[in-house]
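For reference, work_0.cif (mmCIF, C-alpha atoms):
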```
data_work
#
loop_
_atom_site.label_atom_id
_atom_site.label_comp_id
_atom_site.auth_asym_id
_atom_site.auth_seq_id
_atom_site.Cartn_x
_atom_site.Cartn_y
_atom_site.Cartn_z
CA MET A 1 90.03 66.37 127.56
CA ALA A 2 90.27 70.17 127.22
CA ARG A 3 89.79 71.54 123.74
CA ARG A 4 92.18 74.14 122.39
CA VAL A 5 90.18 77.01 120.93
CA PHE A 6 91.53 79.55 118.44
CA SER A 7 90.04 83.01 118.26
CA MET A 8 89.76 84.87 114.95
CA SER A 9 93.16 86.02 113.76
CA THR A 10 91.79 89.51 113.04
CA GLN A 11 89.11 91.04 115.22
CA ASP A 12 86.90 93.79 113.80
CA ALA A 13 83.23 94.67 113.36
CA SER A 14 82.87 92.46 110.28
CA ASN A 15 83.26 89.14 112.17
CA ILE A 16 85.34 88.07 109.16
CA SER A 17 89.04 87.31 109.17
CA LEU A 18 91.40 86.32 106.37
CA GLU A 19 94.84 84.76 106.64
CA HIS A 20 97.43 83.62 104.14
CA TRP A 21 100.16 81.73 105.93
CA THR A 22 103.12 79.69 104.83
CA ASN A 23 104.69 77.36 107.33
CA THR A 24 106.47 74.07 107.91
CA LEU A 25 105.12 73.67 111.46
CA SER A 26 102.25 71.33 112.23
CA VAL A 27 99.19 72.52 114.16
CA GLU A 28 97.78 70.40 116.98
CA THR A 29 94.09 69.57 117.03
CA HIS A 30 92.01 72.63 117.88
CA CYS A 31 88.62 74.18 117.20
CA HIS A 32 87.09 77.64 116.68
CA ALA A 33 84.02 79.60 117.70
CA PHE A 34 83.44 80.36 113.99
CA ASP A 35 83.26 78.64 110.60
CA GLU A 36 86.37 78.36 108.48
CA LEU A 37 87.17 77.76 104.81
CA LEU A 38 90.62 76.30 104.15
CA LEU A 39 92.22 76.47 100.71
CA ILE A 40 95.59 74.86 100.00
CA ASP A 41 97.61 77.26 97.89
CA TYR A 42 100.67 75.07 97.35
CA GLY A 43 102.36 72.16 99.07
CA SER A 44 100.48 69.47 100.96
CA CYS A 45 99.45 68.58 104.49
CA ARG A 46 97.76 65.75 106.32
CA HIS A 47 94.46 67.04 107.68
CA MET A 48 92.75 65.51 110.71
CA TYR A 49 89.00 66.24 110.69
CA ARG A 50 85.83 64.27 111.46
CA GLN A 51 87.82 61.33 112.87
CA THR A 52 89.60 60.82 109.56
CA GLU A 53 92.97 61.90 108.23
CA THR A 54 93.47 62.75 104.57
CA LEU A 55 96.01 64.46 102.35
CA LEU A 56 95.17 67.93 101.04
CA ILE A 57 97.07 69.34 98.08
CA SER A 58 96.97 72.51 95.98
CA GLY A 59 93.43 73.43 94.93
CA ASP A 60 91.72 71.48 97.71
CA ALA A 61 89.23 73.34 99.90
CA VAL A 62 87.52 72.24 103.13
CA LEU A 63 84.76 73.84 105.18
CA VAL A 64 85.32 73.35 108.93
CA GLY A 65 82.26 74.00 111.07
CA CYS A 66 82.07 76.06 114.24
CA GLY A 67 83.23 74.01 117.24
CA GLU A 68 84.54 71.11 115.15
CA SER A 69 88.07 69.93 115.89
CA HIS A 70 90.80 69.64 113.24
CA GLY A 71 94.56 69.83 112.88
CA PHE A 72 97.43 69.71 110.38
CA SER A 73 100.57 67.64 110.04
CA MET A 74 103.24 69.22 107.84
CA ARG A 75 106.25 67.55 106.26
CA GLY A 76 107.36 70.52 104.16
CA LYS A 77 106.45 74.11 103.33
CA VAL A 78 102.70 74.59 102.90
CA SER A 79 100.80 77.71 101.88
CA VAL A 80 97.19 77.98 103.08
CA TYR A 81 94.41 80.56 102.79
CA ASN A 82 92.04 80.72 105.78
CA LEU A 83 88.69 82.49 105.58
CA GLN A 84 87.12 82.71 109.04
CA PHE A 85 83.54 83.92 109.45
CA SER A 86 80.43 83.77 111.60
CA GLU A 87 77.53 82.20 109.76
CA SER A 88 75.21 84.80 111.29
CA GLU A 89 76.99 87.45 109.19
CA LEU A 90 76.03 85.83 105.90
CA ALA A 91 73.24 87.13 103.72
CA PRO A 92 70.18 84.83 103.84
CA ASP A 93 70.68 83.63 100.25
CA VAL A 94 74.37 82.88 100.83
CA ARG A 95 73.52 81.03 104.06
CA HIS A 96 70.92 78.97 102.19
CA PHE A 97 73.26 78.04 99.34
CA LEU A 98 76.04 77.19 101.80
CA SER A 99 73.80 74.88 103.83
CA GLN A 100 72.75 73.10 100.62
CA ALA A 101 76.37 72.73 99.52
CA VAL A 102 77.42 71.31 102.89
CA LEU A 103 74.66 68.72 102.64
CA ALA A 104 75.71 67.84 99.09
CA ILE A 105 79.41 67.35 99.82
CA GLY A 106 79.75 63.65 100.43
CA GLY A 107 76.04 63.37 101.22
CA TYR A 108 76.20 64.24 104.91
CA ALA A 109 75.08 67.04 107.17
CA ARG A 110 77.37 68.75 109.64
CA GLU A 111 77.76 66.72 112.75
CA THR A 112 76.35 67.88 116.08
CA VAL A 113 78.93 69.70 118.18
CA ASP A 114 79.27 68.73 121.84
CA ALA A 115 77.14 70.88 124.08
CA ASP A 116 79.98 71.93 126.40
CA PRO A 117 80.90 75.59 125.99
CA LEU A 118 84.00 76.59 124.07
CA GLU A 119 86.86 77.42 126.39
CA GLU A 120 89.07 80.47 126.49
CA PRO A 121 91.12 80.89 123.29
CA ALA A 122 94.53 79.21 123.30
CA ARG A 123 97.74 80.88 122.21
CA ARG A 124 98.34 79.70 118.67
CA GLU A 125 102.08 79.47 119.10
CA ASP A 126 101.51 76.85 121.81
CA CYS A 127 99.82 74.61 119.21
CA TYR A 128 102.62 74.73 116.63
CA LYS A 129 104.86 71.67 116.61
CA GLU A 130 107.66 70.33 114.43
CA SER A 131 105.64 67.37 113.20
CA ILE A 132 102.55 65.47 114.27
CA ASP A 133 101.83 61.81 113.56
CA TRP A 134 98.40 60.86 114.86
CA GLY A 135 99.09 57.25 113.97
CA SER A 136 95.70 56.66 112.38
CA GLY A 137 96.91 56.56 108.79
CA TYR A 138 95.25 58.89 106.32
CA VAL A 139 92.48 57.85 103.97
CA LEU A 140 92.27 58.42 100.23
CA ASN A 141 88.48 58.61 100.26
CA CYS A 142 88.04 62.07 101.73
CA ASN A 143 84.25 62.40 101.37
CA ARG A 144 83.80 62.41 105.11
CA GLN A 145 85.91 65.56 105.32
CA GLY A 146 83.96 67.15 102.50
CA VAL A 147 87.04 68.03 100.45
CA ILE A 148 86.20 70.19 97.42
CA HIS A 149 88.52 69.87 94.42
CA LEU A 150 88.35 73.26 92.70
CA THR A 151 88.81 73.56 88.95
CA PRO A 152 91.65 75.85 87.84
CA SER A 153 89.20 78.65 86.97
CA SER A 154 87.34 78.39 90.30
CA TYR A 155 90.61 78.22 92.19
CA ALA A 156 91.91 81.35 90.42
CA PHE A 157 88.69 83.27 91.17
CA VAL A 158 88.62 82.25 94.84
CA VAL A 159 92.27 83.21 95.31
CA SER A 160 91.71 86.59 93.65
CA MET A 161 88.79 87.32 96.02
CA LEU A 162 90.78 86.21 99.05
CA ARG A 163 93.64 88.49 98.05
CA GLN A 164 91.24 91.42 97.68
CA GLY A 165 89.84 90.67 101.12
CA LEU A 166 93.31 90.52 102.62
CA ALA A 167 94.18 93.88 101.08
CA ALA A 168 91.00 95.44 102.45
CA GLN A 169 91.53 93.92 105.88
CA GLY A 170 94.56 96.08 106.56
CA GLU A 171 92.72 99.36 105.93
CA GLY A 172 90.33 99.34 108.90
CA THR A 173 87.69 101.58 107.31
CA VAL A 174 83.94 101.22 106.89
CA LEU A 175 84.48 100.59 103.18
CA SER A 176 87.10 97.92 103.89
CA LEU A 177 84.65 96.08 106.17
CA ALA A 178 82.11 96.11 103.33
CA GLU A 179 84.79 94.85 100.94
CA LYS A 180 85.60 91.92 103.23
CA LYS A 181 81.90 91.07 103.39
CA ARG A 182 81.65 91.19 99.59
CA CYS A 183 84.68 88.91 99.22
CA LEU A 184 83.25 86.46 101.75
CA ASP A 185 79.93 86.24 99.90
CA LEU A 186 81.60 85.80 96.50
CA VAL A 187 84.04 83.14 97.74
CA LEU A 188 81.31 81.10 99.41
CA LEU A 189 79.00 81.42 96.40
CA GLU A 190 81.84 80.18 94.15
CA ILE A 191 82.36 77.21 96.47
CA CYS A 192 78.63 76.48 96.38
CA GLN A 193 78.65 76.78 92.58
CA ALA A 194 81.54 74.32 92.35
CA VAL A 195 79.56 71.79 94.38
CA THR A 196 76.34 72.43 92.44
CA SER A 197 78.08 72.14 89.07
CA ARG A 198 79.44 68.73 89.98
CA GLN A 199 75.99 67.64 91.14
CA GLN A 200 74.44 68.80 87.87
CA ARG A 201 77.07 67.04 85.76
CA THR A 202 76.62 63.84 87.74
CA SER A 203 72.81 63.86 87.89
CA VAL A 204 72.43 63.29 84.14
CA TYR A 205 73.95 59.82 84.49
CA SER A 206 72.10 56.77 85.72
CA ARG A 207 72.99 55.26 89.06
CA ALA A 208 74.30 52.21 87.21
CA HIS A 209 76.79 54.31 85.25
CA GLN A 210 77.91 56.12 88.40
CA GLU A 211 78.41 52.75 90.09
CA ILE A 212 80.56 51.64 87.16
CA ILE A 213 82.88 54.60 87.80
CA ALA A 214 82.97 53.68 91.48
CA GLU A 215 84.11 50.19 90.46
CA VAL A 216 86.72 51.68 88.13
CA LEU A 217 88.06 53.79 91.00
CA GLN A 218 88.46 50.66 93.11
CA TYR A 219 90.23 48.95 90.20
CA ILE A 220 92.65 51.88 89.82
CA ASP A 221 93.38 51.86 93.54
CA LYS A 222 94.25 48.15 93.45
CA HIS A 223 96.34 48.32 90.26
CA LEU A 224 98.35 51.51 90.67
CA ASP A 225 101.60 49.62 90.15
CA ASP A 226 100.33 48.29 86.80
CA GLU A 227 99.84 50.02 83.46
CA ILE A 228 96.15 50.91 83.44
CA ASP A 229 94.47 50.54 80.02
CA PHE A 230 91.52 52.92 79.94
CA HIS A 231 90.63 51.78 76.41
CA ALA A 232 90.10 48.26 77.80
CA LEU A 233 88.14 49.52 80.82
CA ALA A 234 85.82 51.49 78.53
CA ALA A 235 85.40 48.52 76.16
CA GLU A 236 84.46 46.22 79.07
CA GLN A 237 81.41 48.41 79.67
CA ALA A 238 80.67 48.84 75.94
CA PHE A 239 81.50 52.55 76.26
CA SER A 240 83.34 54.57 73.66
CA LEU A 241 86.57 56.00 75.04
CA GLY A 242 85.17 59.54 74.63
CA TYR A 243 82.02 58.76 76.64
CA PHE A 244 84.03 56.94 79.30
CA ARG A 245 86.35 59.91 79.74
CA LYS A 246 83.42 62.36 80.00
CA LEU A 247 81.55 60.15 82.46
CA PHE A 248 84.69 59.69 84.56
CA LYS A 249 85.47 63.42 84.69
CA ASP A 250 81.89 64.44 85.44
CA VAL A 251 81.68 62.00 88.35
CA THR A 252 85.15 62.52 89.83
CA GLY A 253 86.12 66.00 88.67
CA PHE A 254 89.28 64.63 87.01
CA SER A 255 90.15 62.96 83.74
CA PRO A 256 91.11 59.27 84.13
CA VAL A 257 94.82 60.05 83.68
CA ALA A 258 94.76 63.08 86.03
CA TYR A 259 92.91 61.08 88.69
CA THR A 260 95.33 58.17 88.42
CA ASN A 261 98.37 60.45 88.60
CA ARG A 262 96.94 62.24 91.62
CA LEU A 263 96.24 58.95 93.37
CA ARG A 264 99.73 57.65 92.57
CA ILE A 265 101.37 60.73 94.03
CA ILE A 266 99.17 60.69 97.13
CA LYS A 267 100.08 57.06 97.76
CA ALA A 268 103.73 57.82 97.08
CA CYS A 269 103.56 60.45 99.83
CA ALA A 270 102.57 57.74 102.31
CA TYR A 271 105.50 55.56 101.25
CA LEU A 272 107.95 58.47 101.54
CA GLN A 273 106.67 59.30 105.01
CA GLN A 274 107.20 55.66 105.99
CA GLY A 275 110.89 56.03 105.09
CA LEU A 276 111.06 54.50 101.60
CA LEU A 277 113.52 55.91 99.10
CA VAL A 278 112.12 58.09 96.32
CA SER A 279 112.88 55.39 93.75
CA GLU A 280 111.12 52.75 95.89
CA ALA A 281 108.03 54.94 96.37
CA ALA A 282 107.88 55.61 92.64
CA GLU A 283 108.04 51.92 91.77
CA ARG A 284 105.37 51.07 94.36
CA VAL A 285 102.93 53.28 92.46
CA GLY A 286 103.90 52.06 89.01
CA ILE A 287 106.22 54.86 87.87
CA TYR A 288 109.66 53.58 86.85
CA ASP A 289 111.09 56.76 85.31
CA LEU A 290 112.48 58.63 88.31
CA ASN A 291 112.82 61.94 86.46
CA TYR A 292 109.20 61.75 85.31
CA PHE A 293 108.09 60.83 88.84
CA SER A 294 109.93 63.82 90.31
CA ARG A 295 108.42 66.22 87.76
CA LEU A 296 104.92 64.83 88.28
CA PHE A 297 105.32 64.89 92.06
CA LYS A 298 106.40 68.54 92.08
CA LYS A 299 103.61 69.51 89.67
CA ILE A 300 100.93 67.98 91.93
CA MET A 301 102.43 68.59 95.37
CA GLY A 302 104.35 71.79 94.81
CA VAL A 303 107.52 70.39 96.40
CA SER A 304 110.12 67.78 95.44
CA PRO A 305 109.69 64.19 96.70
CA SER A 306 112.72 64.49 98.97
CA ARG A 307 110.92 67.16 101.03
CA LEU A 308 108.37 64.58 102.25
CA GLN A 309 110.77 61.82 103.22
CA ALA A 310 110.65 60.69 106.86
#
```
Would you mind giving the structure from this file in structure tokens?
Amino acid sequence: MARRVFSMSTQDASNISLEHWTNTLSVETHCHAFDELLLIDYGSCRHMYRQTETLLISGDAVLVGCGESHGFSMRGKVSVYNLQFSESELAPDVRHFLSQAVLAIGGYARETVDADPLEEPARREDCYKESIDWGSGYVLNCNRQGVIHLTPSSYAFVVSMLRQGLAAQGEGTVLSLAEKKRCLDLVLLEICQAVTSRQQRTSVYSRAHQEIIAEVLQYIDKHLDDEIDFHALAAEQAFSLGYFRKLFKDVTGFSPVAYTNRLRIIKACAYLQQGLLVSEAAERVGIYDLNYFSRLFKKIMGVSPSRLQA
């Protein structure tokens, strides 16, 4: 089957391109002859990558390797930053840190790309569709895609650098090319730091304690429609509530309540896309106050629940 190949959106001597697009149109599966960093600004989309489909929301970042296929399914307005670059353009230290970060995300290396040459670039407008449903069902465990959940401070820094790069991109001068290169290096180093920081926070805990959090995550997933008592979960492991919360956040990147709310909203998205009413989706994930559900949904997803209904 022929692969659709996108060229860089902006061609210049830097081999770096930045985009900030807002759209409601889905993008069919395609690949690039360059690496790409995706950052969801607001809204949400279903992302097909590495034979899995997962939901990306505001603050989520993904590195897509050269020649690897991916695509988006939109059900509402989504704002995305794209940073496109050739790895050969990176400084040696940045390339080293990036390769280490890629290995650390989910514990896998980049997969080998098929040996067949990339084809002529496709017209992007030919790949935009009203909606795409691959039919595979998305997964909540997005480690295989290497999704990076940025903290608010990291997210703010990355966005500020991307905006500077976008401003420089329109100038077309030697200095603007250097500015794009500086923004690329700083963004990638921040991404690497985000990955390293999580590793460092996690490494101080024993494998047994990390496995306890993995079991807690499974428990939360199975009991989303119940009231989850984190005091009781901590007591079962003879943990103080304070230690349990710190352990949970260091391992997952979220507090227990924030993680549970995020998971509830992500699952609610699936129910809405299956055609359930907003009230039914809310009840399925254990939220019985419709006003609270709507506020929480908009806070996490950036849009109202009605925007994601089938």
Taking the file as I've supplied it (selection: the PyMOL selection byres ((chain A and resi 209) around 12)), which residues are included? Please answer as a PyMOL selection string. chain A and resi 202-208+210-216+234+237-239+243-244+246-248+250-251
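Counting all atoms listed in the file and comparing A:Ser79, A:Gln84, A:Gln199, A:Gln100, the residue that lies closest to Asp41 of chain A is A:Ser79.
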Find, counting all atoms listed in the file, the residue in A:Phe6, A:Phe97, A:Val174, A:Lys77 that gets nearest to Ser304 of chain A. A:Lys77
Report as a list of chain:residue names the residues that result from applying the PyMOL selection byres ((chain A and resi 300) around 10) to the structure here. A:Tyr42, A:Gly43, A:Ser44, A:Ile57, A:Ser58, A:Gly59, A:Ala258, A:Asn261, A:Arg262, A:Ile265, A:Ile266, A:Arg295, A:Leu296, A:Phe297, A:Lys298, A:Lys299, A:Met301, A:Gly302, A:Val303, A:Ser304
Distance query Thr260 of chain A at most 9 Å, all atoms listed in the file, self and fewer than 4 positions along chain excluded, as a ChimeraX atom specification: /A:217,220-221,224,228,254-256,264-265
Can you translate the PyMOL selection byres ((chain A and resi 178) around 12) into the concrete residues it hits in this file, as number ranges by chain? A: 12-16, 89, 164-165, 168-169, 171-177, 179-185
Is it possible to get the axis-aligned box enclosing segment 54-70 of chain A (all listed atoms, 8 Å extra per side) as AutoDock Vina command-line options, with centre and edge lengths in Å rounded to one decimal?
```
--center_x 89.6 --center_y 69.4 --center_z 106.1 --size_x 31.0 --size_y 29.3 --size_z 38.3
```
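All protein and nucleic acid residues in the vicinity of (88.0, 78.4, 116.3), that is within 10 Å when counting only C-alpha atoms, are Arg4, Val5, Phe6, Ser7, Met8, Ser9, His30, Cys31, His32, Ala33, Phe34, Asp35, Glu36, Val64, Gly65, Cys66, Gly67, Glu68, Ser69, His70, Gln84, Phe85, Leu118, Pro121 and Ala122 of chain A.
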Those residues you just picked out, can you put them in a file as a compact mmCIF listing (two decimals), keeping the file's coordinate frame with C-alpha atoms?
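Everything below was put into result_38.txt:
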```txt
# COMPACT_ATOMS: atom_id res chain seq x y z
CA ARG A 4 92.18 74.14 122.39
CA VAL A 5 90.18 77.01 120.93
CA PHE A 6 91.53 79.55 118.44
CA SER A 7 90.04 83.01 118.26
CA MET A 8 89.76 84.87 114.95
CA SER A 9 93.16 86.02 113.76
CA HIS A 30 92.01 72.63 117.88
CA CYS A 31 88.62 74.18 117.20
CA HIS A 32 87.09 77.64 116.68
CA ALA A 33 84.02 79.60 117.70
CA PHE A 34 83.44 80.36 113.99
CA ASP A 35 83.26 78.64 110.60
CA GLU A 36 86.37 78.36 108.48
CA VAL A 64 85.32 73.35 108.93
CA GLY A 65 82.26 74.00 111.07
CA CYS A 66 82.07 76.06 114.24
CA GLY A 67 83.23 74.01 117.24
CA GLU A 68 84.54 71.11 115.15
CA SER A 69 88.07 69.93 115.89
CA HIS A 70 90.80 69.64 113.24
CA GLN A 84 87.12 82.71 109.04
CA PHE A 85 83.54 83.92 109.45
CA LEU A 118 84.00 76.59 124.07
CA PRO A 121 91.12 80.89 123.29
CA ALA A 122 94.53 79.21 123.30
```
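The point (101.3, 70.8, 121.8) has these residues within 9 Å of it, counting only C-alpha atoms: Val27, Glu28, Thr29, Asp126, Cys127, Tyr128 and Lys129 of chain A.
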Residue contacts of Phe157 of chain A (12 Å, all atoms listed in the file) excluding same-chain residues fewer than 6 positions away, as a PyMOL selection string: chain A and resi 59+150-151+163-164+183+186-191+194
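The space between atom CA of Ala104 of chain A and atom CA of Val158 of chain A spans 19.8 Å.
Between atom CA of Ser306 of chain A and atom CA of Val257 of chain A the separation is 24.0 Å.
Each of A:Tyr81, A:Leu272, A:Ile287, A:Ala91 was compared to Tyr155 of chain A using only C-alpha atoms, and A:Tyr81 turns out to be the nearest.
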Mind giving me the straight-line distance from atom CA of Gly71 of chain A to atom CA of Ser26 of chain A in Å, one decimal? 7.9 Å
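Distances here use only C-alpha atoms; by that measure, the residue among A:Glu53, A:Glu19, A:Asp60, A:Asp289 closest to Ile40 of chain A is A:Asp60.
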Any idea what's packed within 8 Å of Lys267 of chain A, counting only C-alpha atoms, ignoring anything in its chain fewer than 4 positions away? Could you give it as a list in words? Leu263, Tyr271 and Val285 of chain A
